[in-house]
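Text of target.csv, listed as CSV, C-alpha atoms and all ligand atoms:
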chain,number,residue,atom,x,y,z
A,23,MET,CA,21.6,-15.7,-16.9
A,24,SER,CA,18.0,-15.2,-15.7
A,25,LYS,CA,15.1,-14.6,-18.0
A,26,TYR,CA,15.2,-11.0,-16.8
A,27,ASP,CA,18.8,-10.4,-18.0
A,28,SER,CA,17.8,-11.4,-21.5
A,29,LEU,CA,15.1,-8.7,-21.8
A,30,THR,CA,15.9,-5.9,-24.2
A,31,LYS,CA,13.6,-3.5,-22.5
A,32,THR,CA,13.0,-3.3,-18.8
A,33,PRO,CA,9.3,-3.3,-18.2
A,34,VAL,CA,7.7,-0.3,-16.4
A,35,VAL,CA,5.9,-1.7,-13.4
A,36,ASP,CA,3.4,0.0,-11.2
A,37,ILE,CA,3.4,-1.7,-7.7
A,38,HIS,CA,1.0,0.8,-6.1
A,39,THR,CA,-2.3,0.7,-7.9
A,40,HIS,CA,-5.7,-0.2,-6.5
A,41,VAL,CA,-9.0,-1.7,-7.5
A,42,TYR,CA,-12.3,-2.1,-5.8
A,43,PRO,CA,-13.6,-5.2,-7.7
A,44,PRO,CA,-17.3,-5.3,-8.6
A,45,SER,CA,-18.3,-7.5,-5.7
A,46,TYR,CA,-16.7,-5.1,-3.2
A,47,ILE,CA,-18.5,-2.2,-4.8
A,48,SER,CA,-21.8,-4.0,-4.4
A,49,LEU,CA,-20.9,-4.8,-0.8
A,50,LEU,CA,-20.3,-1.1,-0.1
A,51,LYS,CA,-23.4,0.0,-1.9
A,52,SER,CA,-25.4,-2.3,0.3
A,53,ARG,CA,-24.2,-0.5,3.5
A,54,SER,CA,-25.3,2.7,5.2
A,55,SER,CA,-22.3,3.4,7.4
A,56,ILE,CA,-18.6,3.6,6.8
A,57,PRO,CA,-17.3,2.2,4.5
A,58,TYR,CA,-20.1,2.8,2.1
A,59,ILE,CA,-21.0,4.1,-1.3
A,60,ARG,CA,-24.1,6.3,-2.0
A,61,ALA,CA,-25.4,9.4,-3.7
A,62,PHE,CA,-26.0,12.6,-1.6
A,63,PRO,CA,-29.0,14.3,-3.2
A,64,PRO,CA,-29.6,16.5,-5.0
A,65,SER,CA,-26.5,15.0,-6.8
A,66,GLU,CA,-27.0,11.6,-8.3
A,67,ASP,CA,-23.2,10.9,-8.4
A,68,LEU,CA,-22.1,8.0,-6.3
A,69,ARG,CA,-19.6,8.9,-3.6
A,70,LEU,CA,-17.3,6.6,-1.6
A,71,VAL,CA,-17.1,7.3,2.1
A,72,ILE,CA,-14.3,5.4,3.9
A,73,LEU,CA,-13.2,7.6,6.7
A,74,PRO,CA,-15.2,9.2,9.6
A,75,ALA,CA,-13.8,12.6,8.7
A,76,GLU,CA,-15.3,12.3,5.2
A,77,ASP,CA,-18.8,11.6,6.5
A,78,THR,CA,-19.6,15.2,7.3
A,79,GLU,CA,-21.8,17.6,5.3
A,80,SER,CA,-19.2,19.3,3.3
A,81,THR,CA,-17.7,19.4,-0.2
A,82,SER,CA,-15.2,16.8,1.0
A,83,ARG,CA,-17.9,14.3,1.8
A,84,GLY,CA,-16.5,11.1,0.4
A,85,ARG,CA,-15.1,11.1,-3.1
A,86,PRO,CA,-16.6,10.5,-6.5
A,87,VAL,CA,-16.4,6.8,-7.4
A,88,GLY,CA,-16.5,6.0,-11.1
A,89,PRO,CA,-15.3,3.2,-13.4
A,90,ASP,CA,-11.6,4.0,-12.7
A,91,TYR,CA,-12.3,2.4,-9.3
A,92,TYR,CA,-13.8,-0.9,-10.5
A,93,ASP,CA,-13.5,-1.4,-14.2
A,94,ILE,CA,-10.3,-3.1,-15.1
A,95,LYS,CA,-10.5,-1.8,-18.7
A,96,ASN,CA,-10.0,1.7,-17.3
A,97,LYS,CA,-6.9,0.4,-15.4
A,98,ILE,CA,-5.5,-1.0,-18.7
A,99,SER,CA,-6.2,2.1,-20.6
A,100,PHE,CA,-4.5,4.2,-17.8
A,101,MET,CA,-1.5,1.9,-18.0
A,102,ASP,CA,-1.4,2.3,-21.8
A,103,THR,CA,-1.6,6.1,-21.5
A,104,HIS,CA,1.3,6.2,-19.1
A,105,ASN,CA,3.5,3.4,-20.7
A,106,ILE,CA,3.1,1.1,-17.8
A,107,ASP,CA,3.7,-2.5,-18.9
A,108,ILE,CA,2.7,-4.3,-15.7
A,109,SER,CA,0.6,-3.4,-12.7
A,110,VAL,CA,0.5,-5.2,-9.4
A,111,ILE,CA,-3.0,-4.3,-8.3
A,112,SER,CA,-4.3,-4.4,-4.7
A,113,LEU,CA,-7.7,-4.0,-3.1
A,114,ALA,CA,-7.9,-0.4,-1.9
A,115,ASN,CA,-8.4,0.7,1.7
A,116,PRO,CA,-10.2,-0.1,4.0
A,117,TRP,CA,-9.8,-3.7,2.6
A,118,LEU,CA,-11.7,-6.2,4.6
A,119,ASP,CA,-10.7,-4.9,8.0
A,120,TRP,CA,-14.3,-3.9,8.9
A,121,LEU,CA,-16.0,-7.2,8.2
A,122,PRO,CA,-17.7,-9.2,11.0
A,123,ALA,CA,-15.3,-12.1,11.9
A,124,GLU,CA,-17.5,-14.8,10.5
A,125,GLU,CA,-17.8,-13.2,7.1
A,126,ALA,CA,-14.1,-12.2,6.7
A,127,GLY,CA,-12.8,-15.7,5.7
A,128,PRO,CA,-15.2,-16.4,2.9
A,129,ILE,CA,-15.2,-12.8,1.6
A,130,ALA,CA,-11.4,-12.7,1.5
A,131,GLU,CA,-11.4,-16.0,-0.4
A,132,SER,CA,-13.9,-14.8,-3.0
A,133,THR,CA,-12.3,-11.3,-3.3
A,134,ASN,CA,-8.8,-12.8,-3.8
A,135,ASN,CA,-10.2,-15.3,-6.4
A,136,GLU,CA,-12.0,-12.5,-8.2
A,137,ILE,CA,-8.9,-10.3,-8.4
A,138,ASP,CA,-6.8,-13.3,-9.6
A,139,TYR,CA,-9.4,-13.9,-12.3
A,140,ILE,CA,-9.3,-10.3,-13.3
A,141,CYS,CA,-5.5,-10.6,-13.7
A,142,SER,CA,-5.9,-13.7,-15.8
A,143,LYS,CA,-7.8,-11.7,-18.4
A,144,TYR,CA,-4.6,-9.7,-19.2
A,145,PRO,CA,-1.8,-12.2,-19.2
A,146,GLY,CA,1.6,-10.7,-18.3
A,147,ARG,CA,0.1,-7.3,-17.5
A,148,LEU,CA,-1.6,-7.8,-14.2
A,149,PHE,CA,-0.5,-9.4,-10.9
A,150,PHE,CA,-1.9,-8.7,-7.4
A,151,PHE,CA,-1.3,-8.3,-3.7
A,152,ALA,CA,-4.0,-10.3,-1.9
A,153,THR,CA,-6.0,-9.3,1.1
A,154,LEU,CA,-6.2,-11.2,4.4
A,155,PRO,CA,-9.3,-11.7,6.5
A,156,LEU,CA,-7.8,-10.0,9.5
A,157,SER,CA,-11.0,-9.7,11.6
A,158,ALA,CA,-11.3,-13.5,11.5
A,159,SER,CA,-9.4,-15.9,13.8
A,160,ALA,CA,-5.7,-16.5,13.3
A,161,PRO,CA,-6.2,-20.0,11.9
A,162,THR,CA,-8.5,-18.5,9.2
A,163,VAL,CA,-5.9,-16.0,8.3
A,164,LEU,CA,-3.2,-18.7,8.1
A,165,ALA,CA,-5.4,-20.9,6.0
A,166,GLU,CA,-5.9,-18.1,3.5
A,167,ILE,CA,-2.2,-17.5,3.3
A,168,THR,CA,-1.7,-21.2,2.5
A,169,ARG,CA,-4.6,-21.1,-0.1
A,170,LEU,CA,-3.2,-17.9,-1.7
A,171,LYS,CA,-0.2,-19.8,-3.0
A,172,THR,CA,-2.5,-21.6,-5.4
A,173,LEU,CA,-3.5,-18.3,-7.1
A,174,SER,CA,-1.1,-17.8,-10.0
A,175,HIS,CA,-1.1,-14.0,-10.2
A,176,MET,CA,-0.7,-13.4,-6.4
A,177,ARG,CA,2.7,-11.8,-5.4
A,178,GLY,CA,2.2,-10.7,-1.8
A,179,ILE,CA,-0.4,-9.2,0.5
A,180,ILE,CA,-1.6,-5.7,1.2
A,181,LEU,CA,-1.9,-4.9,4.9
A,182,GLY,CA,-3.3,-1.9,6.8
A,183,THR,CA,-1.8,-0.7,10.1
A,184,THR,CA,-4.3,-2.2,12.5
A,185,GLY,CA,-3.3,-5.8,12.0
A,186,LEU,CA,-5.6,-8.0,14.2
A,187,GLY,CA,-6.9,-4.9,15.9
A,188,SER,CA,-3.9,-3.9,18.1
A,189,GLY,CA,-1.4,-2.7,15.5
A,190,LEU,CA,1.5,-4.4,13.9
A,191,ASP,CA,3.6,-4.9,17.1
A,192,ASP,CA,1.0,-7.4,18.3
A,193,PRO,CA,2.7,-10.7,19.2
A,194,ASN,CA,-0.3,-12.5,17.9
A,195,LEU,CA,0.7,-11.4,14.4
A,196,LEU,CA,4.0,-13.2,14.6
A,197,PRO,CA,2.7,-16.6,13.3
A,198,ILE,CA,1.2,-14.7,10.4
A,199,PHE,CA,4.4,-12.8,9.7
A,200,LYS,CA,6.3,-16.1,9.9
A,201,ALA,CA,3.9,-17.7,7.5
A,202,LEU,CA,4.3,-14.9,5.0
A,203,ALA,CA,8.1,-14.9,5.3
A,204,ALA,CA,8.2,-18.7,4.9
A,205,ALA,CA,6.1,-18.3,1.7
A,206,SER,CA,8.3,-15.5,0.5
A,207,LEU,CA,5.3,-13.2,0.3
A,208,PRO,CA,6.1,-9.5,0.9
A,209,ILE,CA,3.7,-7.3,2.8
A,210,PHE,CA,2.6,-4.1,1.1
A,211,LEU,CA,2.0,-1.9,4.1
A,212,HIS,CA,-0.5,0.8,3.3
A,213,PRO,CA,-2.2,3.4,5.5
A,214,HIS,CA,-5.9,4.1,5.8
A,215,TYR,CA,-6.8,5.4,9.3
A,216,GLY,CA,-4.5,8.5,9.5
A,217,LEU,CA,-4.2,10.2,12.8
A,218,PRO,CA,-7.0,11.0,15.3
A,219,SER,CA,-9.1,13.8,13.8
A,220,GLY,CA,-8.5,16.2,16.7
A,221,VAL,CA,-4.9,16.9,15.5
A,222,TRP,CA,-6.3,18.6,12.4
A,223,GLY,CA,-8.0,21.3,14.4
A,224,PRO,CA,-11.5,23.0,14.2
A,225,ARG,CA,-11.0,24.3,10.7
A,226,ALA,CA,-10.1,20.9,9.2
A,227,SER,CA,-13.2,20.7,7.0
A,228,GLU,CA,-12.0,23.8,5.2
A,229,TYR,CA,-9.0,22.0,3.8
A,230,GLY,CA,-10.6,19.1,1.9
A,231,HIS,CA,-8.6,15.9,2.2
A,232,VAL,CA,-5.2,17.6,2.3
A,233,LEU,CA,-4.2,17.1,6.0
A,234,PRO,CA,-5.3,13.5,6.4
A,235,LEU,CA,-3.9,12.4,3.0
A,236,ALA,CA,-0.7,14.4,2.9
A,237,LEU,CA,0.3,14.0,6.6
A,238,GLY,CA,-2.1,11.5,8.3
A,239,PHE,CA,-1.3,8.7,5.8
A,240,PRO,CA,2.5,8.9,5.9
A,241,LEU,CA,2.7,9.4,9.6
A,242,GLU,CA,0.4,6.4,10.1
A,243,THR,CA,2.7,4.2,8.1
A,244,THR,CA,5.8,5.6,9.9
A,245,ILE,CA,4.3,4.8,13.3
A,246,ALA,CA,3.2,1.3,12.3
A,247,VAL,CA,6.6,0.3,10.9
A,248,THR,CA,8.4,1.9,13.9
A,249,ARG,CA,6.3,-0.1,16.2
A,250,MET,CA,7.3,-3.2,14.3
A,251,ILE,CA,10.9,-2.3,14.7
A,252,LEU,CA,10.6,-1.5,18.4
A,253,SER,CA,8.9,-4.8,19.1
A,254,ASP,CA,11.8,-6.7,17.4
A,255,THR,CA,9.6,-8.1,14.6
A,256,PHE,CA,12.5,-8.1,12.2
A,257,THR,CA,14.7,-9.9,14.7
A,258,LEU,CA,12.0,-12.5,15.3
A,259,VAL,CA,11.2,-12.9,11.6
A,260,PRO,CA,14.4,-11.9,9.9
A,261,ASP,CA,13.2,-12.9,6.4
A,262,LEU,CA,10.0,-10.7,6.5
A,263,GLN,CA,9.9,-8.2,3.6
A,264,VAL,CA,7.8,-5.1,3.8
A,265,ILE,CA,7.1,-2.7,1.0
A,266,LEU,CA,6.2,0.6,2.5
A,267,ALA,CA,3.6,2.8,0.8
A,268,HIS,CA,4.4,6.4,0.0
A,269,SER,CA,8.2,5.9,0.1
A,270,GLY,CA,8.0,4.8,3.8
A,271,GLY,CA,5.9,7.7,5.0
A,272,THR,CA,8.6,9.7,6.9
A,273,LEU,CA,10.7,6.7,8.0
A,274,PRO,CA,13.7,7.4,5.8
A,275,TYR,CA,13.7,11.0,6.9
A,276,LEU,CA,13.3,10.3,10.6
A,277,ALA,CA,15.4,7.1,10.8
A,278,GLY,CA,18.3,9.1,12.5
A,279,ARG,CA,16.0,10.6,15.1
A,280,ILE,CA,14.3,7.3,15.8
A,281,GLU,CA,17.7,5.7,16.2
A,282,SER,CA,18.9,8.5,18.5
A,283,CYS,CA,15.7,8.1,20.7
A,284,ILE,CA,16.3,4.4,21.0
A,285,GLY,CA,19.9,4.8,21.8
A,286,HIS,CA,19.2,7.4,24.6
A,287,ASP,CA,16.3,5.5,26.2
A,288,SER,CA,17.0,4.5,29.7
A,289,HIS,CA,14.0,2.1,29.9
A,290,LEU,CA,15.3,0.2,26.8
A,291,LYS,CA,18.8,0.1,28.4
A,292,ALA,CA,17.4,-1.2,31.7
A,293,GLU,CA,15.6,-3.9,29.7
A,294,ASN,CA,18.8,-4.9,28.0
A,295,LYS,CA,17.4,-4.0,24.6
A,296,LEU,CA,20.3,-1.9,23.5
A,297,GLY,CA,22.9,-4.7,23.2
A,298,PRO,CA,25.1,-5.5,20.2
A,299,GLY,CA,22.5,-7.8,18.6
A,300,ARG,CA,20.0,-5.1,18.1
A,301,ARG,CA,18.7,-4.5,14.6
A,302,THR,CA,19.0,-0.8,13.9
A,303,VAL,CA,16.5,1.2,11.9
A,304,TRP,CA,19.2,1.6,9.2
A,305,ASP,CA,19.8,-2.2,9.1
A,306,VAL,CA,16.1,-2.9,8.8
A,307,LEU,CA,15.7,-0.3,6.1
A,308,LYS,CA,18.4,-2.0,4.0
A,309,LYS,CA,17.4,-5.6,4.6
A,310,ASN,CA,13.7,-5.9,5.3
A,311,ILE,CA,12.1,-2.8,3.7
A,312,TYR,CA,11.3,-1.8,0.1
A,313,LEU,CA,9.9,1.6,-0.6
A,314,ASP,CA,7.6,2.6,-3.4
A,315,ALA,CA,8.3,5.8,-5.3
A,316,VAL,CA,5.0,7.4,-4.7
A,317,ILE,CA,6.3,10.6,-3.2
A,318,TYR,CA,5.8,13.1,-6.1
A,319,HIS,CA,9.2,14.8,-5.8
A,320,GLU,CA,12.9,13.9,-6.1
A,321,MET,CA,13.7,15.5,-2.8
A,322,GLY,CA,11.8,12.9,-0.8
A,323,LEU,CA,12.8,10.1,-3.2
A,324,LYS,CA,16.5,10.8,-2.8
A,325,THR,CA,16.1,10.3,1.0
A,326,ALA,CA,14.3,7.1,0.4
A,327,ILE,CA,17.0,5.8,-2.0
A,328,GLU,CA,19.7,6.9,0.4
A,329,ALA,CA,18.0,5.0,3.3
A,330,SER,CA,17.2,1.7,1.6
A,331,GLY,CA,19.3,1.6,-1.5
A,332,GLU,CA,18.4,2.1,-5.2
A,333,ASP,CA,17.7,-1.6,-5.6
A,334,ARG,CA,14.9,-1.4,-3.0
A,335,VAL,CA,12.8,1.4,-4.6
A,336,MET,CA,9.8,0.7,-6.9
A,337,PHE,CA,7.7,2.9,-9.0
A,338,GLY,CA,4.0,3.3,-8.3
A,339,THR,CA,1.0,5.6,-9.1
A,340,ASP,CA,-1.7,5.1,-6.5
A,341,HIS,CA,-4.3,4.9,-9.3
A,342,PRO,CA,-7.2,5.5,-9.2
A,343,PHE,CA,-6.5,8.1,-6.5
A,344,PHE,CA,-5.2,11.6,-7.3
A,345,PRO,CA,-6.8,11.9,-10.8
A,346,PRO,CA,-6.3,15.2,-12.7
A,347,LEU,CA,-9.1,17.6,-11.6
A,348,GLY,CA,-9.4,18.9,-15.1
A,349,GLY,CA,-10.0,15.5,-16.6
A,350,ASP,CA,-6.7,15.4,-18.6
A,351,LYS,CA,-5.8,12.0,-20.1
A,352,GLU,CA,-2.3,12.2,-18.7
A,353,TRP,CA,-2.2,12.3,-14.9
A,354,ALA,CA,0.0,15.0,-13.4
A,355,SER,CA,0.4,12.8,-10.2
A,356,VAL,CA,2.0,10.0,-12.4
A,357,VAL,CA,4.2,12.5,-14.3
A,358,ALA,CA,5.4,13.9,-10.9
A,359,ASN,CA,6.4,10.4,-9.8
A,360,VAL,CA,8.2,9.6,-13.0
A,361,GLU,CA,10.0,13.0,-12.9
A,362,ALA,CA,11.0,12.2,-9.3
A,363,VAL,CA,12.7,9.0,-10.4
A,364,LYS,CA,14.5,10.8,-13.2
A,365,GLY,CA,15.5,13.6,-10.9
A,366,ALA,CA,16.8,11.3,-8.2
A,367,LEU,CA,18.4,8.6,-10.4
A,368,GLY,CA,19.0,10.2,-13.9
A,369,ASP,CA,17.9,8.2,-17.0
A,370,GLY,CA,20.3,5.3,-16.9
A,371,LYS,CA,20.1,1.7,-15.5
A,372,ALA,CA,19.3,2.7,-11.9
A,373,ALA,CA,16.2,4.7,-13.0
A,374,GLU,CA,15.1,1.8,-15.3
A,375,MET,CA,15.4,-0.6,-12.3
A,376,ALA,CA,13.3,1.8,-10.1
A,377,MET,CA,10.7,2.1,-12.8
A,378,GLY,CA,10.3,-1.6,-13.1
A,379,GLY,CA,13.4,-3.8,-13.0
A,380,ASN,CA,13.5,-4.0,-9.2
A,381,ALA,CA,9.8,-5.0,-9.1
A,382,VAL,CA,10.3,-7.7,-11.7
A,383,GLN,CA,13.0,-9.2,-9.6
A,384,VAL,CA,11.5,-8.8,-6.2
A,385,LEU,CA,8.0,-9.9,-7.2
A,386,ASN,CA,9.0,-12.5,-9.8
A,387,LEU,CA,6.9,-10.9,-12.5
A,388,ILE,CA,8.4,-12.5,-15.6
B,1,LIG,N1,-4.7,6.7,-1.8
B,1,LIG,C1,-5.1,5.5,-1.3
B,1,LIG,O1,-4.6,4.5,-1.5
B,1,LIG,N2,-6.3,5.5,-0.6
B,1,LIG,C2,-6.9,6.7,-0.4
B,1,LIG,O2,-8.0,6.6,0.3
B,1,LIG,C3,-6.4,7.9,-0.9
B,1,LIG,C4,-5.3,7.8,-1.6
B,2,ZN,ZN,-2.6,3.6,-2.2
Here is the file; what I need is its structure written in the form of structure tokens.
Ligand code: URA
Ligand code: ZN
Amino acid sequence: MSKYDSLTKTPVVDIHTHVYPPSYISLLKSRSSIPYIRAFPPSEDLRLVILPAEDTESTSRGRPVGPDYYDIKNKISFMDTHNIDISVISLANPWLDWLPAEEAGPIAESTNNEIDYICSKYPGRLFFFATLPLSASAPTVLAEITRLKTLSHMRGIILGTTGLGSGLDDPNLLPIFKALAAASLPIFLHPHYGLPSGVWGPRASEYGHVLPLALGFPLETTIAVTRMILSDTFTLVPDLQVILAHSGGTLPYLAGRIESCIGHDSHLKAENKLGPGRRTVWDVLKKNIYLDAVIYHEMGLKTAIEASGEDRVMFGTDHPFFPPLGGDKEWASVVANVEAVKGALGDGKAAEMAMGGNAVQVLNLI
């Protein structure tokens, strides 16, 4: 019997919850181009600007950045309000992707150490996904993966979709994926860049952040993981485990179409890529992919569960993003995700596992 089996109550675990630790906030405040934090007079409120589309003169210029973004006491109080026992925190986008190569290694090391220290202040309640210095050389990235194993609260890494600069189907990433798989460290794959701004049309600024966040983010994730599948990443690194943000973007919903396009592609056939050893999207979904439950409705969550299995879905909040606009203590975005789990799985054991039991087992949290 594992320690987990003897628990009387399954903890509620939030696996999708971000922090900008104080040193990262200072770094962004010292900058004057994206990503940066500054006030836009006449307002004195600090705003975080992390995407080019947010850097225009409009009401959607950046977003307010208050203590929820950097003060861990706010995270703990948010957890208490929403009955979340454990959070697996991660640096929020755009991580360290934008750093000059020579700064990335040392800043990754200090940022990961800082977050590990923050976790140590709340024993049993906080763990984290670390950040890799992807703009540095591959040996620097590999050295950080080795070093991360010494940080006691680290349970995996958060990764954007650009990888080393050419996306996640880049063969140069394979040694990194192999090192992560060998260390049993899952990747939490998270979007940031969205889609090229032209797709949103000339009226985009009238719609606030809706188009890039609601559609750009999930499609970015879907494209990134589909490129991993098409480049045979999961055949070459069969033990690699990837947790997809936002319930996989649209991967669960589009898996049939992707499979059909693969199966009907004459180029792939001519290249002998359609043989019996091929890992199908369905197979990868069930063996290499976990999905968070940050999708805000049971309709999407049911598809995610159907695609990967109820043991591969894990609750999350995306805190500190999507706060209630009216300042309520209880966050409607969190309630929507809890309701989605109940709607999709009822209120028995399967829902308890999605709310935390799966994360405890997959991320070894107890
Ligand atoms: N959620 C995130 O994780 N990042 C954003 O920028 C917005 C929502
Ligand atoms: Zn997020």
Give me the residues within 9 Å of Ser159 of chain A as a PyMOL selection string, counting all atoms listed in the file and dropping any in the same chain fewer than 5 places off.
chain A and resi 123-124+127+164+186
Contact table chain A vs ligand LIG 1 (chain B), cut-off 7 Å, shortest pair per residue, only C-alpha atoms and all ligand atoms, as a tab-separated table:
residue	atom	partner	partner_atom	distance
A:His40	CA	B:LIG1	O1	6.9
A:Ala114	CA	B:LIG1	O1	5.9
A:Asn115	CA	B:LIG1	N2	5.7
A:His214	CA	B:LIG1	O2	6.4
A:Leu235	CA	B:LIG1	C3	6.5
A:Asp340	CA	B:LIG1	N1	5.8
A:Phe343	CA	B:LIG1	C4	5.1
A:Phe344	CA	B:LIG1	C4	6.9
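Our summary of the geometry notes that atom CA of Leu385 of chain A is positioned 14.8 Å from atom CA of Leu170 of chain A.
Between Thr339 of chain A and the candidates A:Val316, A:Ala358, A:Leu387, A:Ile137, the tightest atom-to-atom separation, counting all atoms listed in the file, involves A:Val316.
Ranking A:Leu156, A:Leu173, A:Leu181, A:Ala61 by their shortest atom-to-atom distance to ligand ZN 2 (chain B), with only C-alpha atoms and all ligand atoms included, puts A:Leu181 first.
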Between atom CA of Ala201 of chain A and atom CA of Ile179 of chain A, what is the spacing in Å?
11.8 Å
May I ask for the distance between atom CA of Glu328 of chain A and atom CA of Thr257 of chain A, given in Å to one decimal place?
22.6 Å
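Shell of segment 152-154 of chain A at 9 Å, with only C-alpha atoms counted and residues fewer than 5 places along the chain excluded, is Ile111, Ser112, Leu113, Trp117, Leu118, Asp119, Ala126, Gly127, Ala130, Glu131, Thr133, Asn134, Ile137, Asp138, Val163, Leu164, Glu166, Ile167, Leu170, Met176, Arg177, Gly178, Ile179, Ile180 and Leu181 of chain A.
The residue that comes closest to Ser253 of chain A, out of A:Arg301, A:Lys97, A:Lys324, A:His286 and on the basis of only C-alpha atoms, is A:Arg301.
Of the residues listed (A:Gly220, A:Pro116, A:Pro197, A:Pro260), A:Pro116 shows the shortest atom-to-atom separation from ligand ZN 2 (chain B); distances use only C-alpha atoms and all ligand atoms.
Each of A:Met321, A:Ala292, A:Ala204, A:Ile251 was checked against Trp304 of chain A using only C-alpha atoms; the smallest atom-to-atom distance is that of A:Ile251.
With all atoms listed in the file as the basis for measurement, A:Lys51 is the residue among A:Thr103, A:Lys51, A:Ile56, A:Gly338 that approaches Leu68 of chain A most closely.
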With only C-alpha atoms as the counted atoms, please give the residues lying no more than 9 Å from Gly88 of chain A, apart from itself and same-chain residues fewer than 2 positions off, as a PyMOL selection string.
chain A and resi 67-69+86+90-93
